[in-house]
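Enquirer: Structure file query.txt (compact mmCIF, C-alpha atoms and all ligand atoms) right here:
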```txt
# COMPACT_ATOMS: atom_id res chain seq x y z
CA MET A 1 10.70 -13.27 30.17
CA ILE A 2 10.10 -10.44 27.70
CA LYS A 3 8.53 -11.67 24.50
CA VAL A 4 8.86 -9.98 21.13
CA TRP A 5 5.04 -10.02 20.98
CA ASP A 6 2.58 -11.25 23.52
CA TYR A 7 -1.13 -11.77 23.03
CA LYS A 8 -1.67 -13.71 26.24
CA LYS A 9 -1.58 -10.45 28.19
CA GLU A 10 -4.21 -9.01 25.88
CA TYR A 11 -6.43 -12.00 26.58
CA GLU A 12 -6.19 -11.38 30.31
CA LEU A 13 -7.37 -7.80 29.73
CA LEU A 14 -10.24 -8.71 27.39
CA ARG A 15 -11.18 -12.11 28.79
CA ASP A 16 -14.76 -11.24 29.73
CA ASP A 17 -15.44 -9.55 26.38
CA ILE A 18 -13.97 -12.42 24.41
CA LEU A 19 -15.70 -15.18 26.33
CA ASP A 20 -18.95 -13.27 25.99
CA ALA A 21 -18.45 -13.03 22.21
CA VAL A 22 -17.69 -16.73 21.88
CA ASP A 23 -20.60 -17.74 24.10
CA SER A 24 -23.08 -15.60 22.21
CA VAL A 25 -22.04 -17.06 18.84
CA PHE A 26 -22.18 -20.64 20.11
CA LYS A 27 -25.60 -20.02 21.64
CA SER A 28 -26.90 -18.42 18.44
CA GLY A 29 -26.37 -21.58 16.41
CA THR A 30 -25.04 -19.56 13.44
CA LEU A 31 -21.35 -20.24 12.98
CA ILE A 32 -20.69 -19.28 9.35
CA PHE A 33 -22.05 -16.23 7.46
CA GLY A 34 -24.16 -14.59 10.15
CA PRO A 35 -24.81 -11.22 11.79
CA ASN A 36 -21.34 -10.84 13.31
CA VAL A 37 -19.60 -11.17 9.95
CA ASP A 38 -22.09 -8.74 8.38
CA GLU A 39 -21.59 -6.18 11.15
CA PHE A 40 -17.83 -6.60 11.20
CA GLU A 41 -17.63 -6.20 7.42
CA LYS A 42 -19.45 -2.87 7.72
CA LYS A 43 -17.50 -1.60 10.74
CA PHE A 44 -13.99 -2.64 9.68
CA SER A 45 -14.39 -1.27 6.14
CA SER A 46 -15.80 1.96 7.53
CA TYR A 47 -12.87 2.18 10.00
CA HIS A 48 -10.59 2.00 6.94
CA ASP A 49 -12.69 4.59 5.08
CA THR A 50 -13.86 2.22 2.37
CA LYS A 51 -17.38 1.51 1.17
CA PHE A 52 -17.17 -2.28 1.16
CA GLY A 53 -15.44 -5.04 3.09
CA ILE A 54 -15.30 -8.79 2.72
CA GLY A 55 -14.18 -11.19 5.46
CA VAL A 56 -12.04 -14.09 4.26
CA GLY A 57 -10.02 -16.92 5.82
CA ASN A 58 -6.64 -15.17 5.90
CA CYS A 59 -4.65 -12.48 4.09
CA THR A 60 -2.92 -14.92 1.73
CA ASP A 61 -6.38 -15.84 0.41
CA ALA A 62 -7.31 -12.15 0.37
CA ILE A 63 -4.41 -11.46 -2.00
CA THR A 64 -5.13 -14.46 -4.25
CA ILE A 65 -8.87 -13.75 -4.42
CA SER A 66 -8.31 -10.04 -5.09
CA LEU A 67 -5.87 -10.72 -7.90
CA LYS A 68 -8.25 -13.24 -9.46
CA ALA A 69 -11.17 -10.82 -9.18
CA LEU A 70 -9.04 -8.16 -10.86
CA GLY A 71 -8.38 -10.50 -13.77
CA VAL A 72 -4.78 -11.53 -13.05
CA THR A 73 -3.94 -14.87 -14.69
CA SER A 74 -0.96 -17.03 -15.57
CA ASN A 75 -0.06 -14.78 -18.51
CA ASP A 76 0.59 -11.83 -16.23
CA GLU A 77 3.27 -10.37 -14.01
CA VAL A 78 2.78 -8.69 -10.66
CA ILE A 79 5.28 -6.24 -9.17
CA THR A 80 6.08 -6.28 -5.46
CA THR A 81 9.02 -6.27 -3.04
CA SER A 82 11.24 -9.12 -1.96
CA ASN A 83 11.45 -7.72 1.58
CA THR A 84 8.06 -9.04 2.63
CA ALA A 85 6.42 -12.07 4.20
CA VAL A 86 6.29 -15.14 1.93
CA PRO A 87 2.45 -15.00 1.67
CA THR A 88 2.53 -11.82 -0.43
CA VAL A 89 4.27 -13.88 -3.09
CA THR A 90 2.25 -17.05 -2.38
CA GLY A 91 -0.87 -15.00 -3.09
CA ILE A 92 0.49 -13.96 -6.48
CA VAL A 93 1.78 -17.38 -7.50
CA ASN A 94 -1.57 -18.97 -6.57
CA THR A 95 -3.05 -17.16 -9.59
CA GLY A 96 -0.39 -18.59 -11.90
CA ALA A 97 1.10 -15.11 -12.45
CA SER A 98 4.84 -14.38 -12.22
CA VAL A 99 6.45 -12.04 -9.72
CA ARG A 100 8.79 -9.17 -10.46
CA PHE A 101 10.68 -7.80 -7.49
CA VAL A 102 11.63 -4.16 -6.99
CA ASP A 103 14.18 -2.99 -4.42
CA ILE A 104 13.30 -1.14 -1.20
CA ASN A 105 14.01 2.42 -0.05
CA ASP A 106 15.25 3.83 3.27
CA TYR A 107 11.85 3.13 4.82
CA SER A 108 12.14 -0.63 3.97
CA LEU A 109 9.24 -0.15 1.51
CA ILE A 110 9.02 -0.52 -2.27
CA ASP A 111 11.19 2.11 -3.96
CA VAL A 112 8.66 3.97 -6.07
CA ASN A 113 11.42 5.42 -8.24
CA LYS A 114 12.34 1.93 -9.43
CA ILE A 115 8.88 0.62 -10.25
CA GLU A 116 8.52 2.04 -13.76
CA LYS A 117 11.65 0.25 -14.97
CA ALA A 118 10.09 -3.05 -13.88
CA ILE A 119 6.86 -2.52 -15.87
CA ASN A 120 6.53 -4.37 -19.19
CA ASP A 121 3.78 -5.65 -21.52
CA LYS A 122 2.90 -8.47 -19.12
CA THR A 123 2.61 -6.36 -15.98
CA LYS A 124 -0.94 -6.39 -14.68
CA ALA A 125 -0.71 -5.25 -11.07
CA ILE A 126 1.41 -3.76 -8.29
CA ILE A 127 1.28 -4.96 -4.68
CA PRO A 128 2.72 -2.27 -2.42
CA VAL A 129 3.38 -3.94 0.94
CA HIS A 130 2.80 -1.50 3.81
CA LEU A 131 5.46 -3.27 5.82
CA TYR A 132 6.08 -3.06 9.58
CA GLY A 133 3.07 -0.73 9.99
CA GLN A 134 4.08 2.01 7.55
CA MET A 135 2.43 2.80 4.20
CA CYS A 136 4.20 3.02 0.84
CA GLU A 137 4.24 6.23 -1.19
CA MET A 138 0.81 5.70 -2.69
CA ASP A 139 0.54 8.92 -4.78
CA LYS A 140 3.40 7.84 -7.02
CA ILE A 141 2.17 4.23 -7.15
CA MET A 142 -1.33 5.31 -8.19
CA GLU A 143 0.12 7.69 -10.78
CA LEU A 144 2.14 4.83 -12.33
CA ALA A 145 -0.85 2.48 -12.14
CA ASN A 146 -3.06 5.00 -13.96
CA LYS A 147 -0.39 5.69 -16.56
CA HIS A 148 0.19 1.98 -17.33
CA ASN A 149 -3.34 0.74 -16.66
CA LEU A 150 -2.34 -1.48 -13.72
CA LYS A 151 -4.34 -2.71 -10.75
CA VAL A 152 -3.16 -1.90 -7.22
CA ILE A 153 -3.58 -4.36 -4.36
CA GLU A 154 -2.43 -2.89 -1.04
CA ASP A 155 -0.94 -5.54 1.23
CA CYS A 156 -2.15 -4.17 4.58
CA ALA A 157 -1.44 -7.30 6.62
CA GLN A 158 0.85 -5.24 8.87
CA SER A 159 -0.75 -1.81 8.65
CA HIS A 160 -4.19 -1.72 10.28
CA GLY A 161 -4.95 1.88 11.15
CA ALA A 162 -1.85 3.32 9.43
CA THR A 163 -2.28 6.40 7.23
CA TYR A 164 -0.58 8.06 4.25
CA LYS A 165 -1.40 11.78 3.79
CA GLY A 166 -4.32 11.17 6.15
CA LYS A 167 -5.73 8.29 4.06
CA LYS A 168 -6.09 4.90 5.70
CA ALA A 169 -4.30 1.77 4.51
CA GLY A 170 -6.51 -0.17 2.11
CA SER A 171 -8.48 2.88 0.95
CA ILE A 172 -6.33 4.05 -1.97
CA GLY A 173 -5.71 1.10 -4.33
CA ASP A 174 -8.32 -1.09 -6.04
CA VAL A 175 -8.34 -3.27 -2.92
CA GLY A 176 -6.67 -3.58 0.48
CA CYS A 177 -5.84 -7.00 1.95
CA PHE A 178 -5.66 -7.43 5.73
CA SER A 179 -4.56 -10.23 8.04
CA PHE A 180 -5.99 -10.98 11.48
CA TYR A 181 -3.23 -13.46 12.31
CA PRO A 182 -2.92 -13.27 16.13
CA THR A 183 0.36 -11.31 16.26
CA LYS A 184 -0.89 -8.55 14.00
CA ILE A 185 -1.80 -5.01 15.11
CA PHE A 186 -5.40 -6.18 15.03
CA GLY A 187 -5.46 -9.93 15.47
CA ALA A 188 -8.07 -12.63 15.90
CA TYR A 189 -7.69 -15.69 18.12
CA GLY A 190 -6.90 -17.81 15.08
CA ASP A 191 -6.70 -17.05 11.36
CA GLY A 192 -8.72 -14.39 9.59
CA GLY A 193 -8.44 -11.99 6.68
CA PHE A 194 -10.24 -9.09 5.03
CA ILE A 195 -10.53 -7.24 1.73
CA THR A 196 -11.50 -3.57 1.46
CA THR A 197 -12.66 -1.83 -1.71
CA ASN A 198 -14.67 1.16 -2.91
CA ASP A 199 -15.74 -0.59 -6.13
CA GLU A 200 -19.18 -2.18 -5.90
CA PRO A 201 -18.97 -4.62 -8.86
CA LEU A 202 -15.53 -5.70 -7.61
CA ASN A 203 -16.96 -6.21 -4.11
CA ASP A 204 -19.69 -8.44 -5.57
CA LYS A 205 -17.19 -10.47 -7.55
CA ILE A 206 -14.87 -10.91 -4.56
CA LYS A 207 -17.81 -12.01 -2.40
CA ARG A 208 -18.67 -14.61 -5.00
CA ILE A 209 -15.11 -15.87 -5.42
CA ARG A 210 -14.55 -16.24 -1.65
CA PHE A 211 -17.57 -18.57 -1.55
CA LEU A 212 -16.79 -21.10 -4.29
CA GLY A 213 -17.81 -18.75 -7.11
CA MET A 214 -21.45 -19.37 -6.20
CA GLU A 215 -24.59 -17.27 -6.31
CA LYS A 216 -28.17 -18.05 -5.43
CA LYS A 217 -30.16 -19.35 -8.38
CA LYS A 218 -33.80 -20.27 -8.71
CA MET A 219 -34.56 -23.88 -9.69
CA SER A 220 -36.65 -24.41 -12.85
CA SER A 221 -39.46 -25.93 -10.77
CA GLY A 222 -39.64 -22.70 -8.84
CA HIS A 223 -38.96 -24.66 -5.65
CA TRP A 224 -35.82 -24.34 -3.61
CA ASN A 225 -35.44 -20.73 -4.53
CA GLY A 226 -31.93 -19.78 -3.51
CA LYS A 227 -29.93 -22.95 -4.09
CA TYR A 228 -26.31 -22.14 -4.82
CA TYR A 229 -24.88 -22.38 -8.32
CA ALA A 230 -21.21 -21.84 -9.23
CA ILE A 231 -20.90 -19.35 -12.03
CA GLU A 232 -17.13 -19.15 -11.86
CA HIS A 233 -14.27 -21.06 -10.23
CA GLY A 234 -13.80 -19.75 -6.70
CA ALA A 235 -12.15 -20.38 -3.35
CA ASN A 236 -13.56 -21.49 -0.02
CA SER A 237 -12.34 -18.75 2.29
CA ARG A 238 -14.53 -17.36 5.03
CA LEU A 239 -14.10 -15.32 8.17
CA ASP A 240 -16.24 -17.22 10.67
CA GLU A 241 -18.75 -15.85 13.16
CA VAL A 242 -16.61 -16.50 16.26
CA HIS A 243 -13.67 -14.50 14.97
CA ALA A 244 -15.89 -11.73 13.63
CA ALA A 245 -17.56 -11.46 17.07
CA ILE A 246 -14.19 -11.28 18.84
CA LEU A 247 -12.87 -8.71 16.37
CA LEU A 248 -15.99 -6.58 16.87
CA LYS A 249 -15.23 -6.51 20.61
CA LYS A 250 -11.62 -5.52 19.91
CA LEU A 251 -12.27 -2.81 17.31
CA LYS A 252 -13.05 -0.13 19.89
CA TYR A 253 -9.51 -0.42 21.28
CA LEU A 254 -7.64 -0.27 17.97
CA ASP A 255 -6.83 3.47 17.92
CA GLU A 256 -5.82 3.45 21.58
CA TRP A 257 -3.53 0.48 20.98
CA ILE A 258 -1.90 2.13 17.96
CA ASP A 259 -1.29 5.24 20.10
CA ARG A 260 0.39 3.05 22.72
CA ARG A 261 2.56 1.46 20.02
CA ARG A 262 3.59 4.94 18.91
CA VAL A 263 4.53 5.91 22.48
CA ILE A 264 6.71 2.79 22.77
CA ALA A 265 8.31 3.57 19.38
CA ALA A 266 8.99 7.19 20.37
CA LYS A 267 10.80 6.01 23.51
CA TYR A 268 12.96 3.56 21.55
CA ASP A 269 13.69 6.36 19.02
CA LYS A 270 14.80 8.71 21.77
CA GLU A 271 16.89 6.18 23.68
CA PHE A 272 18.78 4.88 20.65
CA LYS A 273 19.34 8.23 18.96
CA ASN A 274 23.04 8.78 18.26
CA THR A 275 23.94 5.14 18.99
CA SER A 276 25.19 2.51 16.54
CA LEU A 277 21.68 1.07 16.32
CA GLU A 278 19.79 2.17 13.19
CA THR A 279 16.20 2.97 14.14
CA PRO A 280 13.19 3.05 11.78
CA ILE A 281 12.34 6.25 9.93
CA GLU A 282 8.75 7.43 9.78
CA HIS A 283 8.01 9.05 6.41
CA PRO A 284 6.71 12.62 6.93
CA ASP A 285 3.50 11.74 5.00
CA ASN A 286 2.78 8.74 7.21
CA LYS A 287 1.27 7.78 10.49
CA HIS A 288 3.26 4.62 11.26
CA ALA A 289 1.20 2.06 13.19
CA TYR A 290 4.32 0.18 14.40
CA TYR A 291 3.27 -3.41 13.91
CA ILE A 292 6.90 -4.08 14.64
CA TYR A 293 9.82 -1.84 15.56
CA VAL A 294 12.60 -2.85 13.20
CA VAL A 295 16.17 -1.76 13.93
CA ALA A 296 19.45 -2.67 12.26
CA HIS A 297 22.93 -3.40 13.56
CA LYS A 298 26.01 -5.04 12.07
CA ASN A 299 26.32 -7.33 15.13
CA ARG A 300 22.71 -8.44 14.94
CA ASP A 301 23.22 -12.16 15.52
CA LYS A 302 25.46 -11.64 18.57
CA ILE A 303 23.05 -9.09 20.06
CA MET A 304 20.13 -11.45 19.62
CA SER A 305 21.85 -14.42 21.20
CA GLU A 306 23.09 -12.34 24.17
CA LEU A 307 19.63 -10.93 24.82
CA THR A 308 18.05 -14.38 24.56
CA LYS A 309 20.35 -15.47 27.40
CA LYS A 310 18.73 -12.70 29.45
CA ASP A 311 15.27 -13.92 28.44
CA ILE A 312 14.62 -10.97 26.13
CA HIS A 313 13.29 -12.31 22.84
CA LEU A 314 13.67 -10.55 19.51
CA ASN A 315 12.67 -11.50 15.99
CA ILE A 316 13.84 -11.00 12.39
CA SER A 317 11.33 -9.94 9.76
CA TYR A 318 12.76 -11.22 7.46
CA PRO A 319 16.11 -13.02 7.54
CA TRP A 320 15.82 -14.17 3.90
CA PRO A 321 14.41 -11.97 1.16
CA ILE A 322 12.00 -13.88 -1.07
CA HIS A 323 14.17 -13.60 -4.21
CA ILE A 324 16.83 -15.87 -2.72
CA MET A 325 14.39 -18.58 -1.61
CA ASP A 326 14.38 -21.86 -3.55
CA ALA A 327 10.67 -21.59 -4.25
CA TYR A 328 10.86 -18.15 -5.84
CA LYS A 329 14.40 -17.40 -6.99
CA HIS A 330 13.46 -18.07 -10.61
CA PHE A 331 11.48 -14.86 -10.84
CA GLU A 332 13.13 -12.05 -12.70
CA CYS A 333 14.53 -9.10 -10.80
CA GLY A 334 12.91 -5.80 -11.53
CA SER A 335 15.96 -3.85 -12.42
CA CYS A 336 18.34 -6.13 -14.31
CA ASN A 337 16.09 -8.74 -15.92
CA CYS A 338 18.39 -11.58 -14.88
CA LEU A 339 17.05 -14.96 -13.84
CA ARG A 340 18.20 -15.43 -10.26
CA ASN A 341 18.36 -19.21 -10.45
CA GLN A 342 20.96 -19.24 -13.19
CA ALA A 343 24.46 -19.77 -11.86
CA LYS A 344 25.93 -17.01 -14.00
CA ASN A 345 23.78 -14.54 -12.12
CA ASP A 346 24.78 -15.58 -8.64
CA ASN A 347 26.42 -12.21 -8.19
CA CYS A 348 23.39 -10.29 -9.29
CA LYS A 349 23.00 -7.19 -7.18
CA SER A 350 19.77 -5.88 -8.57
CA LEU A 351 18.10 -5.69 -5.14
CA PRO A 352 21.06 -4.31 -3.18
CA LYS A 353 19.17 -2.59 -0.37
CA THR A 354 17.01 -5.66 0.19
CA ASP A 355 20.07 -7.92 0.34
CA VAL A 356 21.96 -5.65 2.77
CA SER A 357 18.98 -5.05 5.02
CA ALA A 358 18.19 -8.75 5.49
CA ASN A 359 21.58 -9.29 7.11
CA LYS A 360 21.26 -6.68 9.82
CA ILE A 361 17.61 -6.08 10.70
CA PHE A 362 15.78 -7.34 13.79
CA SER A 363 12.77 -6.27 15.78
CA LEU A 364 12.41 -5.23 19.40
CA PRO A 365 9.48 -6.11 21.65
CA MET A 366 6.45 -4.09 20.51
CA TYR A 367 2.86 -4.54 21.63
CA PRO A 368 0.41 -2.36 23.57
CA THR A 369 0.69 -4.46 26.73
CA LEU A 370 4.50 -4.14 26.90
CA THR A 371 5.03 -2.35 30.22
CA ASP A 372 7.34 0.64 30.75
CA GLU A 373 9.43 -1.53 33.11
CA GLU A 374 9.84 -4.22 30.44
CA GLN A 375 10.77 -1.65 27.81
CA ASN A 376 13.33 -0.09 30.18
CA ILE A 377 14.98 -3.49 30.65
CA VAL A 378 15.15 -4.04 26.86
CA ILE A 379 16.69 -0.59 26.37
CA LYS A 380 19.23 -1.00 29.18
CA GLU A 381 20.39 -4.46 28.10
CA LEU A 382 20.55 -3.53 24.43
CA LYS A 383 22.50 -0.35 25.17
CA ASN A 384 25.03 -2.42 27.11
CA LEU A 385 25.64 -4.53 24.02
CA ILE A 386 25.96 -1.92 21.29
C1 LIG B 1 3.03 -8.62 4.63
C2 LIG B 1 2.14 -9.81 4.82
N1 LIG B 1 1.32 -10.19 3.81
C3 LIG B 1 0.50 -11.23 3.93
C4 LIG B 1 0.44 -11.98 5.08
C5 LIG B 1 -0.46 -13.17 5.14
O1 LIG B 1 -1.33 -13.14 6.19
P1 LIG B 1 -2.12 -14.45 6.66
O2 LIG B 1 -1.25 -15.18 7.61
O3 LIG B 1 -3.36 -13.91 7.30
O4 LIG B 1 -2.42 -15.25 5.43
C6 LIG B 1 1.26 -11.63 6.16
C7 LIG B 1 1.25 -12.42 7.41
O5 LIG B 1 2.26 -12.89 7.86
C8 LIG B 1 2.12 -10.52 6.03
O6 LIG B 1 2.92 -10.13 7.05
```
What would the structure in this file look like if it were written as structure tokens?
Expert:
Amino acid sequence: MIKVWDYKKEYELLRDDILDAVDSVFKSGTLIFGPNVDEFEKKFSSYHDTKFGIGVGNCTDAITISLKALGVTSNDEVITTSNTAVPTVTGIVNTGASVRFVDINDYSLIDVNKIEKAINDKTKAIIPVHLYGQMCEMDKIMELANKHNLKVIEDCAQSHGATYKGKKAGSIGDVGCFSFYPTKIFGAYGDGGFITTNDEPLNDKIKRIRFLGMEKKKMSSGHWNGKYYAIEHGANSRLDEVHAAILLKKLKYLDEWIDRRRVIAAKYDKEFKNTSLETPIEHPDNKHAYYIYVVAHKNRDKIMSELTKKDIHLNISYPWPIHIMDAYKHFECGSCNCLRNQAKNDNCKSLPKTDVSANKIFSLPMYPTLTDEEQNIVIKELKNLI
């Protein structure tokens, strides 16, 4: 069987390291907020060239907490893309804010030339999603954000280690939000998330919000110095010691693993050049980290079912854009201002590239432990079908 991603093989490689990490945390007796989280916060933020880093429970929380810390409320709108994972939008809606979708470009990323049209008096923030491992055009996004006084939250859930003009994901906007969901480029053995920032007051506020909005406060008696006191409404979202310890063990391999992903991607690129399969385009300003290798073909569904019969498993990220989903179709489109849930707008084509792409994209097996032999089988079988 060839899986579309496989973290069991990684465990076999790192078993001793991981068991050692788990054992040392369990023996230490400190399971929440301890030395591993502190060290990981320093090392992961420094890896992403930012001054500060805050471990949280997952990336959905990272997005919600960041937006709240940046002052986004139910009166506001946040711009993002519809071609993303649901949690990008969950994170926005958790704050009470509305979502405004902008179409994608040839790189499957937010089309920076369409953002300004979507900005209005209510717009408070932009969430560029660095999808599939590739960063959005951040110069233009930051220029628009500065011009219109907007906050920028980079959704880096899929882009650990990726760069744009040599700058790491999560180091350009006000904050970067990362996921350590196990399938990710850099995954934990359970849930985990992270926020990067260069802004010290914002870092302090985010740290407070992730822990129930509490800070240490002295009691009037002078005793119990350091009891916690909520000074604002917060969340309860923590990266725990076990996952921080495992991630610390894994961090030294991250660059090597991204290089391996790029070798796999280069081979797919070469083999499918001049075929009917559309392969991903790496923007010249980017170093793509290839979280997933997303291709497109008009016979997608047939290809996928034929390959499944041969025990080669593919995936679709994402078969339904968010703007057609029941939960979110009421949000206004960026370019035509229609309300998608009104029958008269059923034919709305304001996100044409997003709509077209969802019907033909799929991803090929991509992970550092995919062997050359396995990749050759995928290539051979897929070539036979297209
Ligand atoms: C683009 C994107 N944003 C946010 C998330 C949310 O990550 P998590 O599962 O850690 O909450 C994901 C994970 O699927 C994602 O792919």
Enquirer: Give the residue list for ligand LIG 1 (chain B) at 7 Å, counting only C-alpha atoms and all ligand atoms, as a list in words, sorted by chain and then by residue number.
Expert: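 Based on only C-alpha atoms and all ligand atoms, ligand LIG 1 (chain B) is surrounded within 7 Å by Asn58, Cys59, Thr60, Asp61, Thr84, Ala85, Pro87, Thr88, Val129, Leu131, Asp155, Cys156, Ala157, Gln158, Ser179, Phe180, Tyr181, Asp191, Gly192 and Gly193 of chain A.
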Enquirer: Report the closest atom pair, with its distance in Å rounded to one decimal, for each residue of range 131-175 of chain A that has an atom no farther than 9 Å from range 198-214 of chain A; count all atoms listed in the file, sort by chain and then rising residue number, and write it as a Markdown table.
Expert:
```
| residue | atom | partner | partner_atom | distance |
| --- | --- | --- | --- | --- |
| A:Ser171 | CA | A:Asn198 | CA | 7.5 |
| A:Ile172 | CA | A:Asn198 | CA | 8.9 |
| A:Asp174 | CA | A:Asn198 | CA | 7.4 |
| A:Val175 | CA | A:Asn198 | CA | 7.7 |
```
Enquirer: Point out the residue among A:His313, A:Lys117, A:Lys168, A:Lys151 with the least atom-to-atom distance to Ala289 in chain A, counting all atoms listed in the file.
Expert: A:Lys168
Enquirer: If you measure from CA of Lys249 in chain A to CA of Asp20 in chain A, what distance in Å do you get, rounded to one decimal?
Expert: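 CA of Asp20 in chain A lies 9.4 Å from CA of Lys249 in chain A.
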Enquirer: Using all atoms listed in the file, which residue out of A:Thr81, A:Ser357, A:Asn315, A:Asn286 lies closest to Lys167 in chain A?
Expert: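 For Lys167 in chain A, the nearest of the candidates is A:Asn286.
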Enquirer: Counting only C-alpha atoms, which of A:Lys310, A:Ala169, A:Leu109, A:Asn376 gets nearest to Ile281 in chain A?
Expert: A:Leu109
Enquirer: Quick one, how far is CA of Val99 in chain A from CA of His160 in chain A?
Expert: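 Answer for the CA of Val99 in chain A to CA of His160 in chain A separation: 24.9 Å.
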Enquirer: Please identify all polymer residues within 9 Å of Ser317 in chain A, counting only C-alpha atoms, omitting same-chain residues fewer than 2 positions from it, and present them as a list in words.
Expert: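 Answer for this query is Asn83, Thr84, Ala85, Tyr132, Ile292, Val294, Asn315, Pro319, Trp320, Ala358, Ile361, Phe362 and Ser363 of chain A.
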Enquirer: So which residues touch Lys122 in chain A within 12 Å, counting all atoms listed in the file, skipping near sequence neighbours fewer than 2 positions away, as a list in words?
Expert: Val72, Thr73, Ser74, Asn75, Asp76, Glu77, Val78, Ile79, Ala97, Ser98, Val99, Arg100, Ala118, Ile119, Asn120, Lys124, Ala125, Ile126, His148, Asn149 and Leu150 of chain A
Enquirer: From the set A:Asp269, A:Thr183, A:Phe26, A:Tyr293, which residue has the shortest atom-to-atom contact distance to Lys8 in chain A, counting all atoms listed in the file?
Expert: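 Checking each candidate against Lys8 in chain A, we get A:Thr183 as the closest.
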Enquirer: Mind giving me the straight-line distance from CA of Pro280 in chain A to CA of Tyr107 in chain A in Å, one decimal?
Expert: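 Result for CA of Pro280 in chain A versus CA of Tyr107 in chain A: 7.1 Å, one decimal.
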Enquirer: Select, from A:Gly53, A:Pro368, A:Pro284, A:Pro321, the residue with the minimum atom-to-atom distance to Met135 in chain A, counting all atoms listed in the file.
Expert: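 Selected residue with least distance to Met135 in chain A: A:Pro284.
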Enquirer: Set up a box along x, y and z of the file covering all listed atoms of range 362-365 of chain A, add 4 Å on every one of the six sides, and write the centre and edge lengths in Å to one decimal, as lines of an AutoDock Vina configuration file.
Expert:
```
center_x = 12.6
center_y = -6.3
center_z = 17.7
size_x = 14.3
size_y = 10.1
size_z = 15.9
```
